[in-house]
Each structure stands twice: as C-alpha cells, then as structure tokens.
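**Q** Quick one: structure below, then a few questions.
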Amino acid sequence: LRTPLASIQGYTETLMDGALDDQQNNMRFLGIIRHNAERLARLTGDLLALSRIELKTQEFRFAPHLVNELIAEVLDTILPIAEKKPVDLKQERAPEGTPVFCDSEALYQILSNLLDNAVKYTPAGGAIAVGVQSSPSGGMLEIFVRDSGIGIPAEDQPRLFERFYRVDKARSRELGGTGLGLAIVKHLVRAHGGEVRVESLPHHGATFFFTLPMHPPAGWPETELHPQFTPS
Ligand SMILES: Nc1ncnc2c1ncn2[C@@H]1O[C@H](COP(=O)(O)OP(=O)(O)O)[C@@H](O)[C@H]1O
Ligand SMILES: [Mg+2]
C-alpha cells in the first residue's frame, strides 16, 4: 500500500513545486500518478475482498448452474485481453447439462483471477485452456485452467496461495498484480467446500485445479427459503 501512495504523494508535490510549468515532464508525471492510483485501487479492492471472505461477512448466493455456461461467460470477458497478447484461449466443454452448485459471482472471481495469471505468465503465441475434468468424484467437479507459460518451480508451489507470495517479485510487479489473486481464489474455493491445487514444470506451463460441488446439499432450497419448515 505504501509504495504506490508514496509515489502519488511524491509526484504530486513535485508538480506543485513548479514542475507543472515543465511541458515535457508534466504529462509523464501525471501518467505515473494515474498508474499508481490504479494500482492502489486494485490493491484496496483485493484486500477488502479478502477480509470480507476471512471475516465471513461475504454473503454467498449458492445456486445450481450449468458449468459450461458460467465458464463461457468468463471467457467472453477475458478473450479481448488474450487476443491482445496474443495467446490462444479456448474452452474444453464438459458434457452438456453438467451441473455446478456455486455462487456464480465467486466462480467468476476465481476464474478471472486464474485466467488473468495465465495470460500474464504465458508469452505471446502460447495457449490457455479452461475446462472440467472428465471424472468427477464424490459429488465434486474439478475445473482446470491450463497454460503453456513460464511455469512455477516446485519449491515455490507450496507457498503460492499465501497472500503477497510471488515467485519473481520484480517481474510480477512489472506485470501489475497485487499478489493477492491466488489467496482470494483459495478462500472462495474453500467457501464452497472445495480445494485448489497446482501442477507445473518450469518452462512447461502451469495447470491450476479447483473443486466445486455439483449438487445442492440435501434439503436445499427448502430450508433456505422456508426456515419456518425446518424441523425443530
Ligand atoms: N499461471 C501462472 N504461471 C506462472 N506463475 C504463476 C501463474 N499464476 C501465478 N503465478 C505466480 O504466483 C504468484 C501469485 O499470483 P497472484 O496471487 O495471482 O498474484 P499476482 O498475479 O498479483 O502477482 C505470481 O506472482 C506468480 O509468481
Ligand atoms: Mg494474479
């Protein structure tokens, strides 16, 4: 939080101390201020999201959905970013009608964080795929995001989901993340009773997997909608 704030304060003061008259530099300084304000906004947004989940003040709207449809909606929003790089982004569709019981907004957050990373850490010309593992077990569905990017060394993998943990600090800062994305992903997945994990070989890409329930728990939604009918 301090670094972007210090930068905003520093450049604002420089401008007020006379640099404003320097036509060459004032636009550049304003650009730096805007860039750091954006970073600060992302960071506060991510910190708020994380604390809401941890304090359990985040409200989830669990409901039955079709997994292919939810994944397709997220891909639509990421596609322009993938095309800009460019990396190939495709969906591997589950059998039609495959259900998932989740908060659709949370699934959107999970997938957009994983896809944002996949695009960032995959060089131009690479490939990213999102899909569902073919053999769900124990009523859980396993969704994956696979990329052909730089990969993650084995020794970093256990700590990857900790807040602010980065494999390469300099590179990650340059790429503009907050270091909170995977911590948010882990908490959102856990709130659904699922687990998240990663498989990767350096320089051979990374695949993130997470599980979500396919079906509502027994008794849903009756207890939810009609609490007066709950047996005492
Ligand atoms: N798909 C990926 N390929 C390679 N490294 C990754 C990938 N996803 C995440 N990482 C590593 O994990 C770190 C943490 O990710 P994240 O919590 O999303 O933070 P951020 O993206 O803001 O750096 C990243 O800084 C990066 O080092
Ligand atoms: Mg990220």
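In the structure tokens, the first chain shown is A, the next is B, and so on; residue numbers restart at 1 for each chain, and ligands run from 1 in the order shown.
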Can you pull out every residue with an atom within 7 Å of ligand 1? Use only C-alpha atoms and all ligand atoms and format it as number ranges by chain.

**A** A: 113-114, 117-118, 121-122, 147, 149-152, 160-161, 163-169, 172-173, 176-183, 205-206

**Q** Write a file of the just-selected residues containing N, CA and C atoms, as a tab-separated table (two decimals), in the first residue's frame.

**A**
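Written output follows (again.tsv):
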chain	number	residue	atom	x	y	z
A	113	ASN	N	-9.34	-14.49	-11.92
A	113	ASN	CA	-8.01	-14.40	-11.31
A	113	ASN	C	-7.04	-15.42	-11.93
A	114	LEU	N	-7.52	-16.67	-12.11
A	114	LEU	CA	-6.64	-17.70	-12.68
A	114	LEU	C	-6.32	-17.38	-14.14
A	117	ASN	N	-3.80	-14.50	-14.48
A	117	ASN	CA	-2.43	-15.01	-14.31
A	117	ASN	C	-1.97	-15.78	-15.53
A	118	ALA	N	-2.83	-16.67	-16.04
A	118	ALA	CA	-2.45	-17.50	-17.20
A	118	ALA	C	-2.02	-16.61	-18.37
A	121	TYR	N	1.41	-14.78	-17.44
A	121	TYR	CA	2.62	-15.59	-17.35
A	121	TYR	C	2.79	-16.54	-18.54
A	122	THR	N	2.08	-16.26	-19.65
A	122	THR	CA	2.26	-17.04	-20.87
A	122	THR	C	2.71	-16.10	-21.98
A	147	ASP	N	-2.12	-23.46	-18.80
A	147	ASP	CA	-1.42	-22.56	-19.72
A	147	ASP	C	-0.10	-23.18	-20.16
A	149	GLY	N	2.74	-21.41	-20.27
A	149	GLY	CA	3.66	-20.34	-19.95
A	149	GLY	C	4.93	-20.73	-19.22
A	150	ILE	N	5.44	-19.80	-18.40
A	150	ILE	CA	6.76	-19.94	-17.79
A	150	ILE	C	6.81	-21.00	-16.69
A	151	GLY	N	5.63	-21.38	-16.17
A	151	GLY	CA	5.60	-22.42	-15.14
A	151	GLY	C	6.05	-21.91	-13.77
A	152	ILE	N	5.99	-22.80	-12.77
A	152	ILE	CA	6.30	-22.44	-11.39
A	152	ILE	C	7.24	-23.50	-10.79
A	160	LEU	N	2.43	-20.74	-2.90
A	160	LEU	CA	1.83	-19.90	-3.95
A	160	LEU	C	0.52	-19.24	-3.55
A	161	PHE	N	-0.26	-19.92	-2.69
A	161	PHE	CA	-1.60	-19.41	-2.35
A	161	PHE	C	-1.58	-18.49	-1.13
A	163	ARG	N	-0.95	-14.95	0.78
A	163	ARG	CA	-1.07	-13.57	0.33
A	163	ARG	C	0.31	-12.95	0.11
A	164	PHE	N	0.43	-12.21	-0.95
A	164	PHE	CA	1.64	-11.47	-1.34
A	164	PHE	C	2.82	-12.35	-1.74
A	165	TYR	N	2.61	-13.68	-1.84
A	165	TYR	CA	3.73	-14.53	-2.26
A	165	TYR	C	3.88	-14.45	-3.77
A	166	ARG	N	5.09	-14.16	-4.22
A	166	ARG	CA	5.37	-14.12	-5.65
A	166	ARG	C	6.66	-14.87	-5.95
A	167	VAL	N	6.69	-15.55	-7.09
A	167	VAL	CA	7.88	-16.30	-7.47
A	167	VAL	C	8.99	-15.31	-7.83
A	168	ASP	N	8.65	-14.34	-8.65
A	168	ASP	CA	9.63	-13.36	-9.11
A	168	ASP	C	9.04	-11.97	-8.86
A	169	LYS	N	9.45	-11.37	-7.74
A	169	LYS	CA	8.83	-10.12	-7.30
A	169	LYS	C	8.91	-9.02	-8.36
A	172	SER	N	6.60	-9.78	-11.34
A	172	SER	CA	5.19	-9.69	-11.00
A	172	SER	C	4.77	-8.24	-10.81
A	173	ARG	N	5.64	-7.45	-10.22
A	173	ARG	CA	5.29	-6.03	-10.02
A	173	ARG	C	5.16	-5.33	-11.37
A	176	GLY	N	1.99	-5.95	-12.94
A	176	GLY	CA	0.88	-5.18	-12.39
A	176	GLY	C	-0.08	-5.90	-11.46
A	177	GLY	N	0.30	-7.04	-10.88
A	177	GLY	CA	-0.62	-7.72	-9.96
A	177	GLY	C	-0.49	-7.19	-8.54
A	178	THR	N	-1.36	-7.70	-7.65
A	178	THR	CA	-1.32	-7.28	-6.25
A	178	THR	C	-0.71	-8.35	-5.37
A	179	GLY	N	-0.56	-9.56	-5.89
A	179	GLY	CA	-0.06	-10.67	-5.07
A	179	GLY	C	-1.14	-11.28	-4.20
A	180	LEU	N	-2.39	-10.87	-4.40
A	180	LEU	CA	-3.49	-11.38	-3.58
A	180	LEU	C	-4.43	-12.30	-4.35
A	181	GLY	N	-4.26	-12.36	-5.68
A	181	GLY	CA	-5.19	-13.11	-6.53
A	181	GLY	C	-5.39	-14.56	-6.09
A	182	LEU	N	-4.29	-15.28	-5.90
A	182	LEU	CA	-4.41	-16.71	-5.57
A	182	LEU	C	-4.92	-16.92	-4.14
A	183	ALA	N	-4.62	-15.98	-3.23
A	183	ALA	CA	-5.16	-16.08	-1.86
A	183	ALA	C	-6.69	-15.94	-1.91
A	205	GLY	N	4.64	-24.64	-18.59
A	205	GLY	CA	3.29	-24.23	-18.27
A	205	GLY	C	2.84	-24.64	-16.87
A	206	ALA	N	1.65	-24.18	-16.51
A	206	ALA	CA	1.07	-24.47	-15.20
A	206	ALA	C	-0.40	-24.81	-15.39

**Q** Which parts of range 5-197 of chain A does DSSP call helix (DSSP H, G or I) when run on the backbone here, written out as a ChimeraX atom specification?

**A** /A:5-16,19-21,23-54,67-84,104-120,154-159,169-175,181-191

**Q** Taking 5 positions as the minimum chain separation for residues in the same chain, which residues sit within 9 Å of Gly139 in chain A when counting only C-alpha atoms? Answer as a PyMOL selection string.

**A** chain A and resi 212-215

**Q** Using only C-alpha atoms and all ligand atoms, which residue out of A:Ala170, A:Leu50, A:Val67, A:Leu115 lies closest to ligand 2?

**A**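 That would be A:Leu115, the residue with the smallest distance to ligand 2.
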
**Q** When distances are computed from only C-alpha atoms and all ligand atoms, which of A:Ile184, A:Met16, A:Val189, A:Leu47 shows the smallest separation from ligand 2?

**A**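 Closest residue, counting only C-alpha atoms and all ligand atoms: A:Ile184.
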
**Q** Would you work out the distance separating CA of Ala6 in chain A from CA of Glu162 in chain A, expressed in Å to one decimal?

**A**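 These atoms are spaced 25.2 Å apart.
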